[in-house]
Each structure stands twice: as structure tokens, then as C-alpha cells.
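Undergrad: Please find run_20.cif (mmCIF, C-alpha atoms) on the next line:
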```
data_model
#
loop_
_atom_site.label_atom_id
_atom_site.label_comp_id
_atom_site.auth_asym_id
_atom_site.auth_seq_id
_atom_site.Cartn_x
_atom_site.Cartn_y
_atom_site.Cartn_z
CA MET A 29 -10.84 17.46 61.20
CA LYS A 30 -11.27 21.24 61.03
CA VAL A 31 -13.30 23.19 63.59
CA LEU A 32 -14.45 26.82 63.54
CA ILE A 33 -15.20 28.50 66.88
CA SER A 34 -17.40 31.59 66.80
CA ALA A 35 -16.72 33.34 70.13
CA ASP A 36 -19.11 35.89 71.60
CA MET A 37 -18.80 37.37 75.10
CA GLU A 38 -22.21 37.90 76.72
CA GLY A 39 -22.54 34.18 77.38
CA VAL A 40 -19.07 33.75 78.83
CA THR A 41 -18.34 32.59 82.39
CA GLY A 42 -19.02 35.36 84.94
CA VAL A 43 -20.39 37.96 82.50
CA THR A 44 -23.77 39.37 83.58
CA PHE A 45 -23.81 43.16 83.04
CA PRO A 46 -23.15 45.45 80.02
CA ASP A 47 -19.95 46.86 81.58
CA ASP A 48 -18.63 43.29 81.83
CA CYS A 49 -18.32 43.05 78.05
CA GLU A 50 -18.23 46.60 76.69
CA PRO A 51 -14.72 47.51 75.45
CA GLY A 52 -13.02 50.17 77.53
CA HIS A 53 -14.60 49.35 80.87
CA ALA A 54 -12.52 48.00 83.72
CA ARG A 55 -14.88 45.06 84.11
CA TRP A 56 -14.49 44.26 80.39
CA GLU A 57 -10.73 44.17 80.80
CA TYR A 58 -11.15 41.79 83.74
CA ASN A 59 -13.57 39.50 81.91
CA ARG A 60 -11.42 39.17 78.80
CA GLN A 61 -9.53 36.47 80.68
CA PHE A 62 -12.73 34.47 81.08
CA LEU A 63 -13.58 34.84 77.39
CA THR A 64 -10.15 33.48 76.57
CA ALA A 65 -10.47 30.70 79.16
CA ASP A 66 -13.84 29.53 77.79
CA VAL A 67 -12.44 29.48 74.26
CA ASN A 68 -9.34 27.60 75.42
CA ALA A 69 -11.53 25.06 77.17
CA ALA A 70 -13.37 24.39 73.90
CA ILE A 71 -10.05 24.12 72.02
CA ALA A 72 -8.84 21.54 74.54
CA GLY A 73 -11.96 19.44 74.07
CA PHE A 74 -11.82 19.57 70.31
CA ALA A 75 -8.12 18.71 70.24
CA ALA A 76 -8.75 15.75 72.54
CA ALA A 77 -11.45 14.55 70.13
CA GLY A 78 -9.11 14.66 67.15
CA ALA A 79 -9.39 18.17 65.69
CA THR A 80 -6.31 18.97 63.63
CA GLU A 81 -7.15 22.58 62.70
CA ILE A 82 -9.01 25.01 64.96
CA LEU A 83 -9.83 28.56 63.88
CA VAL A 84 -11.31 30.97 66.42
CA ASN A 85 -13.38 33.82 64.98
CA GLU A 86 -13.50 36.61 67.58
CA ALA A 87 -17.11 37.73 67.18
CA HIS A 88 -17.96 40.16 69.99
CA ALA A 89 -18.44 43.94 69.58
CA ASP A 90 -15.31 45.31 67.85
CA GLN A 91 -14.05 41.72 67.63
CA ARG A 92 -10.79 42.54 69.42
CA ASN A 93 -11.46 41.20 72.92
CA LEU A 94 -9.74 37.83 73.20
CA LEU A 95 -6.24 37.74 74.68
CA LEU A 96 -3.99 36.40 71.94
CA ASP A 97 -1.01 35.83 74.25
CA ARG A 98 -3.15 33.44 76.31
CA LEU A 99 -4.72 31.57 73.41
CA ASP A 100 -4.13 27.82 73.28
CA LYS A 101 -1.31 27.29 70.78
CA ARG A 102 -3.29 24.58 68.99
CA ALA A 103 -5.59 27.25 67.51
CA ARG A 104 -5.37 30.30 65.28
CA LEU A 105 -7.25 33.56 65.88
CA LEU A 106 -9.26 35.54 63.33
CA ILE A 107 -9.56 38.96 64.93
CA GLY A 108 -10.72 42.43 63.84
CA THR A 109 -13.76 44.08 62.31
CA HIS A 110 -15.33 44.34 58.85
CA LYS A 111 -15.43 40.62 58.18
CA PRO A 112 -17.74 39.82 55.24
CA LEU A 113 -19.47 37.01 57.17
CA GLY A 114 -19.31 38.72 60.57
CA MET A 115 -19.71 36.33 63.46
CA MET A 116 -19.46 33.44 61.03
CA GLU A 117 -16.34 34.49 59.17
CA GLY A 118 -14.42 31.32 58.40
CA ILE A 119 -17.48 29.18 57.68
CA ASP A 120 -16.48 29.40 54.01
CA ARG A 121 -13.06 27.83 54.74
CA SER A 122 -14.45 24.29 54.70
CA PRO A 123 -14.62 23.46 58.43
CA ASP A 124 -16.11 20.12 59.40
CA ALA A 125 -17.86 21.57 62.46
CA VAL A 126 -18.63 24.91 64.11
CA ALA A 127 -18.96 25.84 67.79
CA PHE A 128 -20.74 28.79 69.38
CA VAL A 129 -18.90 29.82 72.56
CA GLY A 130 -20.21 32.55 74.87
CA TYR A 131 -23.57 32.84 73.13
CA HIS A 132 -26.87 34.22 74.51
CA THR A 133 -30.60 34.35 73.83
CA GLY A 134 -32.18 36.77 71.36
CA ALA A 135 -33.97 40.10 71.50
CA GLY A 136 -37.20 39.96 73.50
CA GLN A 137 -36.32 36.60 75.05
CA PRO A 138 -35.44 35.93 78.71
CA GLY A 139 -31.75 35.39 79.34
CA VAL A 140 -28.59 37.10 80.54
CA LEU A 141 -27.84 40.10 78.29
CA ALA A 142 -30.35 38.84 75.71
CA HIS A 143 -30.25 40.74 72.41
CA THR A 144 -29.89 40.28 68.68
CA TYR A 145 -26.94 42.33 67.44
CA LEU A 146 -28.09 45.68 68.89
CA PRO A 147 -28.16 45.70 72.72
CA ASN A 148 -31.50 47.41 73.40
CA THR A 149 -32.80 48.90 70.15
CA ILE A 150 -34.38 45.78 68.66
CA THR A 151 -37.11 44.15 70.72
CA ALA A 152 -37.78 41.11 68.54
CA VAL A 153 -36.36 39.32 65.52
CA ARG A 154 -38.15 36.41 63.85
CA ILE A 155 -37.30 34.08 61.00
CA ASN A 156 -40.21 32.09 59.57
CA GLY A 157 -42.17 33.07 62.66
CA GLU A 158 -39.59 31.72 65.10
CA PRO A 159 -37.69 33.96 67.58
CA ALA A 160 -34.25 34.48 66.09
CA SER A 161 -31.24 34.82 68.33
CA GLU A 162 -27.80 35.35 66.87
CA GLY A 163 -27.32 31.63 67.41
CA ARG A 164 -30.31 30.71 65.26
CA MET A 165 -29.22 33.12 62.53
CA ASN A 166 -25.66 31.81 62.55
CA ALA A 167 -26.80 28.18 62.64
CA LEU A 168 -28.89 28.81 59.53
CA LEU A 169 -25.86 30.26 57.78
CA ALA A 170 -23.75 27.28 58.85
CA ASP A 171 -26.41 24.99 57.41
CA GLU A 172 -26.15 26.82 54.08
CA TYR A 173 -22.51 25.72 54.02
CA GLY A 174 -23.36 22.21 55.20
CA VAL A 175 -21.51 22.63 58.50
CA PRO A 176 -23.08 21.23 61.70
CA VAL A 177 -23.10 23.07 65.03
CA VAL A 178 -21.46 20.69 67.53
CA LEU A 179 -21.16 22.89 70.65
CA VAL A 180 -23.06 25.75 72.30
CA THR A 181 -21.94 27.43 75.53
CA GLY A 182 -23.76 30.15 77.47
CA ASP A 183 -26.39 30.49 80.15
CA ASP A 184 -29.05 27.84 80.75
CA LEU A 185 -31.67 29.62 78.64
CA CYS A 186 -29.34 30.00 75.69
CA CYS A 187 -28.52 26.30 75.78
CA GLU A 188 -32.20 25.43 76.04
CA ASP A 189 -33.03 27.78 73.13
CA SER A 190 -30.31 26.17 71.01
CA ARG A 191 -32.09 22.83 71.09
CA GLY A 192 -34.46 24.36 68.54
CA TRP A 193 -31.72 25.32 66.06
CA ALA A 194 -28.84 22.98 66.95
CA PRO A 195 -30.61 19.87 68.27
CA HIS A 196 -27.58 17.61 67.87
CA ALA A 197 -25.04 19.95 69.50
CA ALA A 198 -23.50 19.35 72.91
CA HIS A 199 -24.19 22.08 75.46
CA ALA A 200 -22.19 23.60 78.31
CA VAL A 201 -24.15 25.76 80.77
CA VAL A 202 -21.71 28.17 82.46
CA LYS A 203 -24.30 30.20 84.40
CA THR A 204 -27.97 30.10 85.36
CA CYS A 205 -30.08 33.14 84.48
CA VAL A 206 -31.75 34.97 87.35
CA ASP A 207 -32.64 38.10 85.38
CA ARG A 208 -31.29 40.08 82.44
CA TYR A 209 -28.33 41.38 84.45
CA ALA A 210 -27.98 38.65 87.08
CA ALA A 211 -26.94 35.01 87.08
CA ILE A 212 -25.68 32.23 89.30
CA CYS A 213 -22.18 31.71 87.92
CA LEU A 214 -19.81 28.77 88.07
CA PRO A 215 -16.15 29.22 89.02
CA PRO A 216 -13.99 29.34 85.87
CA GLU A 217 -12.36 25.98 86.60
CA VAL A 218 -15.76 24.30 86.77
CA SER A 219 -17.16 25.92 83.65
CA ALA A 220 -13.94 25.16 81.76
CA ALA A 221 -14.28 21.47 82.60
CA ARG A 222 -17.87 21.49 81.38
CA ILE A 223 -16.92 23.18 78.12
CA THR A 224 -14.01 20.83 77.46
CA ARG A 225 -16.16 17.78 78.09
CA ALA A 226 -19.01 19.06 75.89
CA ALA A 227 -16.63 20.03 73.06
CA SER A 228 -15.10 16.57 73.05
CA GLU A 229 -18.51 14.89 73.12
CA GLY A 230 -19.88 17.11 70.38
CA LEU A 231 -17.02 16.47 67.99
CA THR A 232 -16.80 12.76 68.80
CA ALA A 233 -20.45 12.34 67.87
CA LEU A 234 -19.81 13.87 64.44
CA PRO A 235 -19.27 11.33 61.64
CA ALA A 236 -15.70 11.38 60.35
CA PRO A 237 -15.27 13.35 57.10
CA THR A 238 -14.97 11.29 53.92
CA GLY A 239 -12.98 12.26 50.87
#
```
Rewrite the structure from the file as C-alpha cells, please.
TA:
Amino acid sequence: MKVLISADMEGVTGVTFPDDCEPGHARWEYNRQFLTADVNAAIAGFAAAGATEILVNEAHADQRNLLLDRLDKRARLLIGTHKPLGMMEGIDRSPDAVAFVGYHTGAGQPGVLAHTYLPNTITAVRINGEPASEGRMNALLADEYGVPVVLVTGDDLCCEDSRGWAPHAAHAVVKTCVDRYAAICLPPEVSAARITRAASEGLTALPAPTG
């Protein structure tokens, strides 16, 4: 059982403000540990549910944010920029499932740090008339490869939004949106437990691959 994790940062535990996830800021440096912890929590859940190969695609900003020396040893890390498939690099390597960790709502939608690729320049993106977050766009690409989304983590509004484009995925809410730059956040230990449980449930519910 092979799992691809696409890891963003705006939807990670404790992240609420641009400085929290913009490379070079002191707060970004601090929050890198929570990005890594959320990803590790998902890895733990997938491993417990029988995943034998886990590839993490670092998908935020310059895609060099996750702390490799703290990554769970059961996974491998795809890191760096100029990936042909961007946030979904690795979807063409025949995974059985994909997870969206640290995701957020789209441009023009309510939610913590809501945007679609560009932070403040784009005010709305739609596909077939539906608001298109990065999650919706990436889920559509995953569907082109026949790969189901089994886990979404982020704030409460992101998880609610994902029910429209990943209705069968498990969800882990790590913070509750108050406004664009404010949220009620869970302690890392609590959010990690939620993510691990949801990852295990999401993968367990997936039919075993045949052939």
C-alpha cells in the first residue's frame, strides 16, 4: 500500500498569520516543527493502517520547509522547487491513496490564510462554477490518475469545504477559524492524535489494491 502526502503549511497546527509560514521569518522557523509534526502524525496513522511506502511531497512556498532530520523514518521526502506536478508531484508514481496535510480554503472563501496559490492577488478561482481551493484543484488531478483522497487536515472550514471534493476522506481539524489571521488552536499533542487517528481511518476504509 503506497501513500502520497501533499504537505502545505497554512493549515498546519498553530499557523494563523503570514509570518508564521513565510520562509525567512522567525515565526516560520518556529512553525516548521509543527509542519513536521503534523506530517509525522499522518505517517504514523498510515503506517498503523498498513502503508508500506509513504512519500511526502513538500508543497509549501519554496517547498523547502519541512525538517528532514525530524521526519518519521518510515517515509521519504520529495523536497525542492520546479516540480512538474507542483503540489501533486508523485501522483504519477502509482500511489494507492493521497493525503492533503496542512491545507486551507481557497481565494475569496472564509478560512485561516485562505488563498489559491497567490496570497492576496487572486480574489476568486472557480472550476465549473464551483469555488476552487488548492485542495479541489489537487483532488481533481488525483482523480485523473485514479487516486482517492483519504485524508484532509487543516482548519474547520477547510475540512468542511473538502466534503465537496473529497467526500470519502477522513478529516482532522487542527484549529477553528475565527478570522483570516486568527484561530482557536489545539496543542500539538492533541492535533497530532487527531491526525493519526484520521489517517488510519481513512486508509483502513480504502479497499485493498488488487493486482
Undergrad: With the cut-off set at 7 Å and counting only C-alpha atoms, tabulate each residue of range 74-128 of chain A with an atom at most that distance from an atom of range 169-186 of chain A, showing the nearest atom pair and its distance in Å to one decimal, ordered by chain and increasing number, as JSON lines.
TA:
```
{"residue": "A:Ile119", "atom": "CA", "partner": "A:Ala170", "partner_atom": "CA", "distance": 6.7}
{"residue": "A:Pro123", "atom": "CA", "partner": "A:Val175", "partner_atom": "CA", "distance": 6.9}
{"residue": "A:Asp124", "atom": "CA", "partner": "A:Val175", "partner_atom": "CA", "distance": 6.0}
{"residue": "A:Ala125", "atom": "CA", "partner": "A:Pro176", "partner_atom": "CA", "distance": 5.3}
{"residue": "A:Val126", "atom": "CA", "partner": "A:Val177", "partner_atom": "CA", "distance": 4.9}
{"residue": "A:Ala127", "atom": "CA", "partner": "A:Leu179", "partner_atom": "CA", "distance": 4.7}
{"residue": "A:Phe128", "atom": "CA", "partner": "A:Val180", "partner_atom": "CA", "distance": 4.8}
```
Undergrad: Counting only C-alpha atoms, what is within 6 Å of range 68-73 of chain A, bar same-chain residues fewer than 4 positions away, as an MDAnalysis selection string?
TA: chainID A and resid 100 220 223:224 227:228
Undergrad: Within 9 Å of Ala75 in chain A, counting all atoms listed in the file, which residues show up once you throw out same-chain ones fewer than 6 positions away? Write them as an mmCIF file with C-alpha atoms, keeping the file's coordinate frame, please.
TA:
```cif
data_model
loop_
_atom_site.group_PDB
_atom_site.id
_atom_site.type_symbol
_atom_site.label_atom_id
_atom_site.label_comp_id
_atom_site.auth_asym_id
_atom_site.auth_seq_id
_atom_site.Cartn_x
_atom_site.Cartn_y
_atom_site.Cartn_z
ATOM 1 C CA GLU A 81 -7.150 22.580 62.700
ATOM 2 C CA ILE A 82 -9.010 25.010 64.960
ATOM 3 C CA ARG A 102 -3.290 24.580 68.990
ATOM 4 C CA SER A 228 -15.100 16.570 73.050
#
```
Undergrad: Could you work out an axis-aligned bounding box for all listed atoms of range 147-166 of chain A, with 4 Å added on each of the six sides, and give its centre and edge lengths in Å to one decimal, as JSON?
TA:
```
{"center_x": -33.9, "center_y": 39.8, "center_z": 66.5, "size_x": 24.5, "size_y": 26.2, "size_z": 21.8}
```
Undergrad: Between CA of Ser190 in chain A and CA of Lys203 in chain A, measure the distance and give it in Å to one decimal.
TA: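 Pair CA of Ser190 in chain A / CA of Lys203 in chain A returns 15.2 Å.
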Undergrad: Could you list the residues chosen by the PyMOL selection byres ((chain A and resi 162) around 9) in this structure as a list of chain:residue names?
TA: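 For this structure, the PyMOL selection byres ((chain A and resi 162) around 9) resolves to A:Met115, A:Tyr131, A:His132, A:Thr133, A:Gly134, A:His143, A:Thr144, A:Tyr145, A:Ala160, A:Ser161, A:Gly163, A:Arg164, A:Met165, A:Asn166, A:Ala167.
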Undergrad: Could you spell out the hits of the PyMOL selection byres ((chain A and resi 87) around 10) on the shown file, as a PyMOL selection string?
TA: chain A and resi 33-37+84-86+88-94+106-109+111+114-117+128-130
Undergrad: Would you put the residues from that selection into a file with C-alpha atoms, as a compact mmCIF listing (two decimals), in the coordinates of the input?
TA:
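See selection23.txt below for the written result:
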```txt
# COMPACT_ATOMS: atom_id res chain seq x y z
CA ILE A 33 -15.20 28.50 66.88
CA SER A 34 -17.40 31.59 66.80
CA ALA A 35 -16.72 33.34 70.13
CA ASP A 36 -19.11 35.89 71.60
CA MET A 37 -18.80 37.37 75.10
CA VAL A 84 -11.31 30.97 66.42
CA ASN A 85 -13.38 33.82 64.98
CA GLU A 86 -13.50 36.61 67.58
CA HIS A 88 -17.96 40.16 69.99
CA ALA A 89 -18.44 43.94 69.58
CA ASP A 90 -15.31 45.31 67.85
CA GLN A 91 -14.05 41.72 67.63
CA ARG A 92 -10.79 42.54 69.42
CA ASN A 93 -11.46 41.20 72.92
CA LEU A 94 -9.74 37.83 73.20
CA LEU A 106 -9.26 35.54 63.33
CA ILE A 107 -9.56 38.96 64.93
CA GLY A 108 -10.72 42.43 63.84
CA THR A 109 -13.76 44.08 62.31
CA LYS A 111 -15.43 40.62 58.18
CA GLY A 114 -19.31 38.72 60.57
CA MET A 115 -19.71 36.33 63.46
CA MET A 116 -19.46 33.44 61.03
CA GLU A 117 -16.34 34.49 59.17
CA PHE A 128 -20.74 28.79 69.38
CA VAL A 129 -18.90 29.82 72.56
CA GLY A 130 -20.21 32.55 74.87
```
Undergrad: Taking the file above as input, evaluate the PyMOL selection byres ((chain A and resi 98) around 10) and report the hits as a list in words.
TA: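 In the shown coordinates, the PyMOL selection byres ((chain A and resi 98) around 10) covers Gln61, Thr64, Ala65, Asn68, Leu94, Leu95, Leu96, Asp97, Leu99, Asp100 and Lys101 of chain A.
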Undergrad: Once you have the residues from the selection above, write them out as a PDB file, in the coordinates of the input, restricted to C-alpha atoms.
TA:
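Result went into part.pdb, see below:
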```
ATOM      1  CA  GLN A  61      -9.530  36.470  80.680  1.00  0.00           C
ATOM      2  CA  THR A  64     -10.150  33.480  76.570  1.00  0.00           C
ATOM      3  CA  ALA A  65     -10.470  30.700  79.160  1.00  0.00           C
ATOM      4  CA  ASN A  68      -9.340  27.600  75.420  1.00  0.00           C
ATOM      5  CA  LEU A  94      -9.740  37.830  73.200  1.00  0.00           C
ATOM      6  CA  LEU A  95      -6.240  37.740  74.680  1.00  0.00           C
ATOM      7  CA  LEU A  96      -3.990  36.400  71.940  1.00  0.00           C
ATOM      8  CA  ASP A  97      -1.010  35.830  74.250  1.00  0.00           C
ATOM      9  CA  LEU A  99      -4.720  31.570  73.410  1.00  0.00           C
ATOM     10  CA  ASP A 100      -4.130  27.820  73.280  1.00  0.00           C
ATOM     11  CA  LYS A 101      -1.310  27.290  70.780  1.00  0.00           C
TER      12      LYS A 101
END
```
Undergrad: Just how far from CA of Gly78 in chain A is CA of Glu38 in chain A, in Å to one decimal?
TA: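 Here the two named atoms are 28.3 Å from each other.
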Undergrad: Could you check how far CA of Cys49 in chain A sits from CA of Ala210 in chain A, in Å to one decimal?
TA: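 So the two atoms, CA of Cys49 in chain A and CA of Ala210 in chain A, lie 13.9 Å apart.
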Undergrad: Nearest to Leu83 in chain A among A:Leu113, A:Ile155, A:Val31, A:Leu141, with distances taken over all atoms listed in the file: which residue is it?
TA: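 Ranked by minimum distance to Leu83 in chain A, first place goes to A:Val31.
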Undergrad: Residues near range 40-48 of chain A, anyone? I mean within 6 Å using all atoms listed in the file, not counting same-chain ones fewer than 3 positions away, as a ChimeraX atom specification.
TA: /A:37,53,55-56,63,130,202,209-210,213
Undergrad: Find, counting only C-alpha atoms, the residue in A:Gly118, A:Gly230, A:Pro215, A:Gly39 that gets nearest to Val140 in chain A.
TA: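 With only C-alpha atoms as the atom set, the closest residue is A:Gly39.
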Undergrad: Pick from A:Leu32, A:Tyr58, A:Pro138, A:Ala152: nearest to Val206 in chain A, with only C-alpha atoms counted?
TA: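 Distance minimum relative to Val206 in chain A lands on A:Pro138.
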Undergrad: Would you mind telling me which residue in A:Arg208, A:Arg222, A:Lys30, A:His199 lies nearest to Gly139 in chain A when using all atoms listed in the file?
TA: A:Arg208
